[in-house]
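S.K.: So I've got this file, input-v4.txt, and it contains compact mmCIF, C-alpha atoms:
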```txt
# COMPACT_ATOMS: atom_id res chain seq x y z
CA MET L 495 90.13 -94.65 50.33
CA GLY L 496 93.13 -93.05 48.59
CA MET L 497 94.12 -96.30 46.94
CA PHE L 498 90.53 -96.87 45.77
CA LEU L 499 90.33 -93.42 44.17
CA THR L 500 93.71 -93.91 42.51
CA LEU L 501 92.73 -97.28 41.06
CA LEU L 502 89.35 -95.92 40.00
CA GLY L 503 91.09 -93.06 38.22
CA ALA L 504 93.56 -95.38 36.49
CA SER L 505 90.70 -97.64 35.44
CA ILE L 506 88.53 -94.92 33.93
CA ALA L 507 91.56 -93.33 32.25
CA VAL L 508 91.89 -96.43 30.12
CA ALA L 509 88.28 -97.69 30.02
CA LEU L 510 86.42 -94.61 28.79
CA PRO L 511 88.85 -93.66 25.99
CA SER L 512 88.91 -97.32 24.94
CA ILE L 513 85.11 -97.38 24.76
CA GLY L 514 85.19 -94.17 22.72
CA SER L 515 87.92 -95.54 20.47
CA SER L 516 85.99 -98.75 19.89
CA LYS L 517 82.93 -96.74 18.92
CA GLY L 518 84.93 -94.33 16.73
CA VAL L 519 86.87 -97.06 14.95
CA GLY L 520 83.65 -98.98 14.47
CA VAL L 521 81.91 -96.03 12.82
CA ALA L 522 84.88 -95.36 10.54
CA SER L 523 85.31 -99.04 9.71
CA GLU L 524 81.67 -99.43 8.76
CA ALA L 525 82.11 -96.60 6.27
CA ALA L 526 85.39 -98.01 4.96
CA ASN L 527 84.34 -101.63 4.55
CA GLY L 528 81.85 -100.91 1.79
CA LEU L 529 84.33 -98.82 -0.14
CA THR L 530 87.11 -101.39 0.31
CA ALA L 531 84.83 -104.10 -1.11
CA ILE L 532 84.24 -101.97 -4.20
CA ASP L 533 87.81 -100.68 -4.61
CA PRO L 534 90.47 -102.62 -2.63
CA SER L 535 93.22 -100.27 -3.88
CA LYS L 536 91.95 -97.59 -1.47
CA PHE L 537 92.59 -99.77 1.59
CA GLY L 538 95.78 -97.94 2.65
CA LYS L 539 94.19 -94.51 2.58
CA LEU L 540 91.17 -95.78 4.45
CA LEU L 541 93.23 -97.58 7.09
CA VAL L 542 94.73 -94.29 8.31
CA LEU L 543 91.25 -92.85 8.77
CA GLN L 544 90.11 -95.95 10.63
CA LEU L 545 93.12 -95.95 12.96
CA LEU L 546 92.96 -92.28 13.92
CA ALA L 547 89.89 -92.77 16.10
CA GLY L 548 91.73 -95.47 18.05
CA THR L 549 94.53 -93.34 19.44
CA GLN L 550 92.55 -92.13 22.44
CA GLY L 551 92.53 -95.63 23.92
CA LEU L 552 96.32 -95.64 23.67
CA TYR L 553 96.58 -92.25 25.39
CA GLY L 554 94.35 -93.50 28.21
CA PHE L 555 96.48 -96.62 28.55
CA ILE L 556 99.63 -94.52 28.91
CA ILE L 557 98.02 -92.34 31.60
CA SER L 558 96.88 -95.42 33.49
CA ILE L 559 100.36 -96.97 33.34
CA MET L 560 101.89 -93.69 34.55
CA VAL L 561 99.62 -93.74 37.61
CA ILE L 562 100.41 -97.37 38.34
CA LEU L 563 104.17 -96.84 38.02
CA GLN L 564 104.26 -93.55 39.91
CA THR L 565 102.22 -94.81 42.86
CA GLY L 566 103.98 -98.14 43.16
CA ILE L 567 100.68 -100.02 43.13
CA LEU L 568 102.32 -103.03 41.48
CA GLY L 569 104.86 -103.20 44.27
CA GLY L 570 102.13 -103.29 46.88
CA SER L 571 102.61 -99.83 48.35
CA ALA L 572 99.58 -97.73 49.07
CA VAL L 573 98.65 -94.17 48.24
CA ASP L 574 99.12 -92.50 51.61
CA SER L 575 95.99 -90.31 51.76
CA THR L 576 92.50 -89.81 50.42
CA GLN L 577 93.58 -86.38 49.19
CA LYS L 578 96.35 -87.85 47.06
CA GLY L 579 93.98 -90.51 45.70
CA ALA L 580 91.50 -87.78 44.78
CA LEU L 581 94.28 -85.92 42.96
CA TYR L 582 95.12 -89.00 40.89
CA PHE L 583 91.43 -89.51 40.18
CA ALA L 584 91.06 -85.89 39.03
CA ALA L 585 94.15 -86.18 36.85
CA CYS L 586 92.76 -89.28 35.16
CA LEU L 587 89.34 -87.73 34.68
CA ALA L 588 90.64 -85.27 32.07
CA MET L 589 91.93 -88.10 29.88
CA ALA L 590 88.91 -90.30 30.55
CA LEU L 591 86.31 -87.78 29.42
CA GLY L 592 88.39 -86.05 26.76
CA GLY L 593 89.35 -89.40 25.26
CA LEU L 594 85.82 -90.79 25.34
CA PHE L 595 84.16 -87.94 23.51
CA SER L 596 86.95 -87.04 21.10
CA ALA L 597 87.21 -90.66 19.91
CA ILE L 598 83.50 -90.89 19.19
CA TYR L 599 83.44 -87.63 17.27
CA GLN L 600 86.69 -88.41 15.50
CA GLY L 601 85.14 -91.63 14.22
CA LYS L 602 82.29 -89.60 12.73
CA VAL L 603 84.73 -87.17 11.09
CA CYS L 604 86.73 -90.10 9.73
CA ALA L 605 83.56 -91.69 8.30
CA THR L 606 82.85 -88.43 6.49
CA GLY L 607 86.47 -88.36 5.31
CA ILE L 608 86.01 -91.83 3.86
CA GLN L 609 83.24 -90.40 1.69
CA ILE L 610 85.75 -87.84 0.39
CA VAL L 611 88.20 -90.64 -0.47
CA ALA L 612 85.41 -92.54 -2.24
CA LYS L 613 84.66 -89.60 -4.53
CA GLN L 614 88.07 -87.91 -4.79
CA PRO L 615 90.92 -90.23 -3.68
CA GLN L 616 93.53 -87.53 -4.35
CA ASP L 617 91.97 -85.46 -1.52
CA SER L 618 92.57 -88.05 1.21
CA SER L 619 94.97 -85.67 2.96
CA LYS L 620 92.07 -83.24 3.50
CA ALA L 621 90.16 -85.99 5.28
CA ILE L 622 93.17 -86.80 7.46
CA VAL L 623 93.68 -83.14 8.38
CA SER L 624 90.02 -82.81 9.36
CA ALA L 625 90.26 -85.90 11.56
CA SER L 626 93.49 -84.60 13.09
CA LEU L 627 91.70 -81.47 14.27
CA VAL L 628 89.62 -83.64 16.60
CA GLU L 629 92.80 -85.42 17.71
CA LEU L 630 94.02 -82.11 19.11
CA TYR L 631 91.46 -82.30 21.91
CA ALA L 632 92.50 -85.82 22.86
CA LEU L 633 96.09 -84.58 23.00
CA LEU L 634 95.09 -81.64 25.21
CA SER L 635 93.40 -84.06 27.62
CA PHE L 636 96.46 -86.30 27.58
CA ILE L 637 98.85 -83.42 28.25
CA ILE L 638 96.79 -82.08 31.17
CA SER L 639 96.50 -85.53 32.76
CA PHE L 640 100.22 -86.10 32.20
CA LEU L 641 101.22 -82.76 33.77
CA ILE L 642 99.01 -83.24 36.80
CA ILE L 643 100.26 -86.79 37.41
CA ILE L 644 103.95 -85.88 37.25
CA ASN L 645 103.36 -83.02 39.67
CA ILE L 646 101.28 -84.86 42.30
CA THR L 647 104.42 -86.03 44.10
CA LYS L 648 105.35 -82.37 44.65
CA ILE L 649 102.12 -81.72 46.54
```
Turn this file's structure into structure tokens for me.
M.R.:
Amino acid sequence: MGMFLTLLGASIAVALPSIGSSKGVGVASEAANGLTAIDPSKFGKLLVLQLLAGTQGLYGFIISIMVILQTGILGGSAVDSTQKGALYFAACLAMALGGLFSAIYQGKVCATGIQIVAKQPQDSSKAIVSASLVELYALLSFIISFLIIINITKI
């Protein structure tokens, strides 16, 4: 049961933030595509806003890899108890949920930022700062998951 919970945790740590990132990038890209068709010179500024909502999937991937490497799953060793598996699952849950929701909302903020770039291209940094505020919550989720995972072996 411990191995199952560990693998389930590692799976949701990458799957849910990736789903959120796909949704967020999709929302931002829909907003950017129309503007890029009208004014291709704004592509670089818009690309940053499109990419920001995709970072949560990367954070989830890193957490999942950490679990796999720390538990030795690739080498065939098992997590020795249900309790330890539940700890890995709980550690991954923070990144899974934080990444899912922050990516979706970051995509919406980025889409709004793209409207700023459309009207006032010189204010693109304001749009990036606004989108980065949402990124903070993905980073908090990542840090908590990271800290729990590196300390599970001490338990």
S.K.: I'd like the neighbourhood of Thr530 of chain L as a list in words, where a residue qualifies if any of its atoms comes within 12 Å (using all atoms listed in the file), though same-chain residues fewer than 2 positions away should be ignored.
M.R.: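 The contact residues come out as Ser523, Glu524, Ala525, Ala526, Asn527, Gly528, Ile532, Asp533, Pro534, Ser535, Lys536, Phe537, Gly538, Lys539, Leu540, Leu541, Ile608, Gln609, Val611 and Ala612 of chain L.
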S.K.: So which residues touch Thr647 of chain L within 9 Å, counting only C-alpha atoms, skipping near sequence neighbours fewer than 2 positions away, as a PyMOL selection string?
M.R.: chain L and resi 564+578+643-645+649
S.K.: Pick out the residues sitting within 6 Å of Gly554 of chain L, and hand them over as a list in words; count all atoms listed in the file, and ignore anything fewer than 6 positions along from it in its own chain.
M.R.: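 Residues meeting the cut-off are Ala507, Val508 and Pro511 of chain L.
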S.K.: Kindly indicate which residue among L:Ser639, L:Gln600, L:Thr606, L:Ser619 lies nearest to Phe555 of chain L, using all atoms listed in the file for the distances.
M.R.: L:Ser639
S.K.: Tell me which residues come within 12 Å of (84.9, -88.0, 23.2), as an MDAnalysis selection string, counting all atoms listed in the file in the file's coordinates.
M.R.: chainID L and resid 510:518 547:551 588:602 628:633 635
S.K.: Which residue out of L:Val521, L:Met560, L:Ile637, L:Leu581 has the minimum interatomic distance to Val603 of chain L when all atoms listed in the file are used?
M.R.: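 Of all the options, L:Val521 lies closest to Val603 of chain L.
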S.K.: Hey, which of L:Ala621, L:Ile638, L:Leu543, L:Ile646 ends up closest to Gly520 of chain L? Count all atoms listed in the file.
M.R.: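 Ranked by minimum distance to Gly520 of chain L, first place goes to L:Leu543.
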S.K.: I'd like the interatomic distance between atom CA of Ala625 of chain L and atom CA of Cys604 of chain L, to a tenth of an Å.
M.R.: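 Here the two named atoms are 5.8 Å from each other.
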S.K.: Counting all atoms listed in the file, which residue out of L:Met497, L:Ile567, L:Leu552, L:Ala605 sits closest to Val519 of chain L?
M.R.: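 Closest to Val519 of chain L, using all atoms listed in the file: L:Ala605.
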S.K.: So that I can check the surroundings of Ile562 of chain L, please list as a tab-separated table (two decimals) with C-alpha atoms, keeping the file's coordinate frame every protein, DNA and RNA residue that reaches within 12 Å of it, counting only C-alpha atoms and ignoring chain neighbours fewer than 3 positions away.
M.R.:
```tsv
chain	number	residue	atom	x	y	z
L	497	MET	CA	94.12	-96.30	46.94
L	500	THR	CA	93.71	-93.91	42.51
L	501	LEU	CA	92.73	-97.28	41.06
L	502	LEU	CA	89.35	-95.92	40.00
L	503	GLY	CA	91.09	-93.06	38.22
L	504	ALA	CA	93.56	-95.38	36.49
L	505	SER	CA	90.70	-97.64	35.44
L	507	ALA	CA	91.56	-93.33	32.25
L	508	VAL	CA	91.89	-96.43	30.12
L	555	PHE	CA	96.48	-96.62	28.55
L	556	ILE	CA	99.63	-94.52	28.91
L	557	ILE	CA	98.02	-92.34	31.60
L	558	SER	CA	96.88	-95.42	33.49
L	559	ILE	CA	100.36	-96.97	33.34
L	565	THR	CA	102.22	-94.81	42.86
L	566	GLY	CA	103.98	-98.14	43.16
L	567	ILE	CA	100.68	-100.02	43.13
L	568	LEU	CA	102.32	-103.03	41.48
L	569	GLY	CA	104.86	-103.20	44.27
L	570	GLY	CA	102.13	-103.29	46.88
L	571	SER	CA	102.61	-99.83	48.35
L	572	ALA	CA	99.58	-97.73	49.07
L	573	VAL	CA	98.65	-94.17	48.24
L	579	GLY	CA	93.98	-90.51	45.70
L	582	TYR	CA	95.12	-89.00	40.89
L	586	CYS	CA	92.76	-89.28	35.16
L	643	ILE	CA	100.26	-86.79	37.41
```
S.K.: What does the distance from atom CA of Gln544 of chain L to atom CA of Leu587 of chain L come to in Å, to one decimal?
M.R.: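 Straight-line distance from atom CA of Gln544 of chain L to atom CA of Leu587 of chain L works out to 25.4 Å.
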S.K.: What is the atom CA of Lys648 of chain L-atom CA of Gln577 of chain L distance in Å, reported with one decimal?
M.R.: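 Distance reported for this atom pair: 13.2 Å.
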S.K.: Could you please fill out segment 601-615 of chain L with N, CA and C atoms and send it back as a compact mmCIF listing (two decimals), keeping the file's coordinate frame?
M.R.:
```
# COMPACT_ATOMS: atom_id res chain seq x y z
N GLY L 601 85.64 -90.56 15.08
CA GLY L 601 85.14 -91.63 14.22
C GLY L 601 84.13 -91.12 13.21
N LYS L 602 83.27 -90.19 13.65
CA LYS L 602 82.29 -89.60 12.73
C LYS L 602 82.97 -88.75 11.66
N VAL L 603 83.98 -87.98 12.07
CA VAL L 603 84.73 -87.17 11.09
C VAL L 603 85.46 -88.07 10.11
N CYS L 604 86.02 -89.16 10.61
CA CYS L 604 86.73 -90.10 9.73
C CYS L 604 85.76 -90.76 8.74
N ALA L 605 84.56 -91.09 9.20
CA ALA L 605 83.56 -91.69 8.30
C ALA L 605 83.21 -90.71 7.18
N THR L 606 83.10 -89.45 7.51
CA THR L 606 82.85 -88.43 6.49
C THR L 606 84.05 -88.32 5.56
N GLY L 607 85.25 -88.40 6.12
CA GLY L 607 86.47 -88.36 5.31
C GLY L 607 86.55 -89.53 4.34
N ILE L 608 86.01 -90.65 4.74
CA ILE L 608 86.01 -91.83 3.86
C ILE L 608 85.12 -91.56 2.65
N GLN L 609 84.08 -90.79 2.83
CA GLN L 609 83.24 -90.40 1.69
C GLN L 609 84.02 -89.52 0.71
N ILE L 610 84.89 -88.67 1.26
CA ILE L 610 85.75 -87.84 0.39
C ILE L 610 86.67 -88.74 -0.44
N VAL L 611 87.28 -89.73 0.23
CA VAL L 611 88.20 -90.64 -0.47
C VAL L 611 87.45 -91.43 -1.54
N ALA L 612 86.20 -91.77 -1.27
CA ALA L 612 85.41 -92.54 -2.24
C ALA L 612 85.21 -91.74 -3.53
N LYS L 613 84.97 -90.43 -3.37
CA LYS L 613 84.66 -89.60 -4.53
C LYS L 613 85.89 -88.96 -5.17
N GLN L 614 86.86 -88.58 -4.31
CA GLN L 614 88.07 -87.91 -4.79
C GLN L 614 89.29 -88.44 -4.02
N PRO L 615 89.81 -89.60 -4.41
CA PRO L 615 90.92 -90.23 -3.68
C PRO L 615 92.15 -89.33 -3.51
```
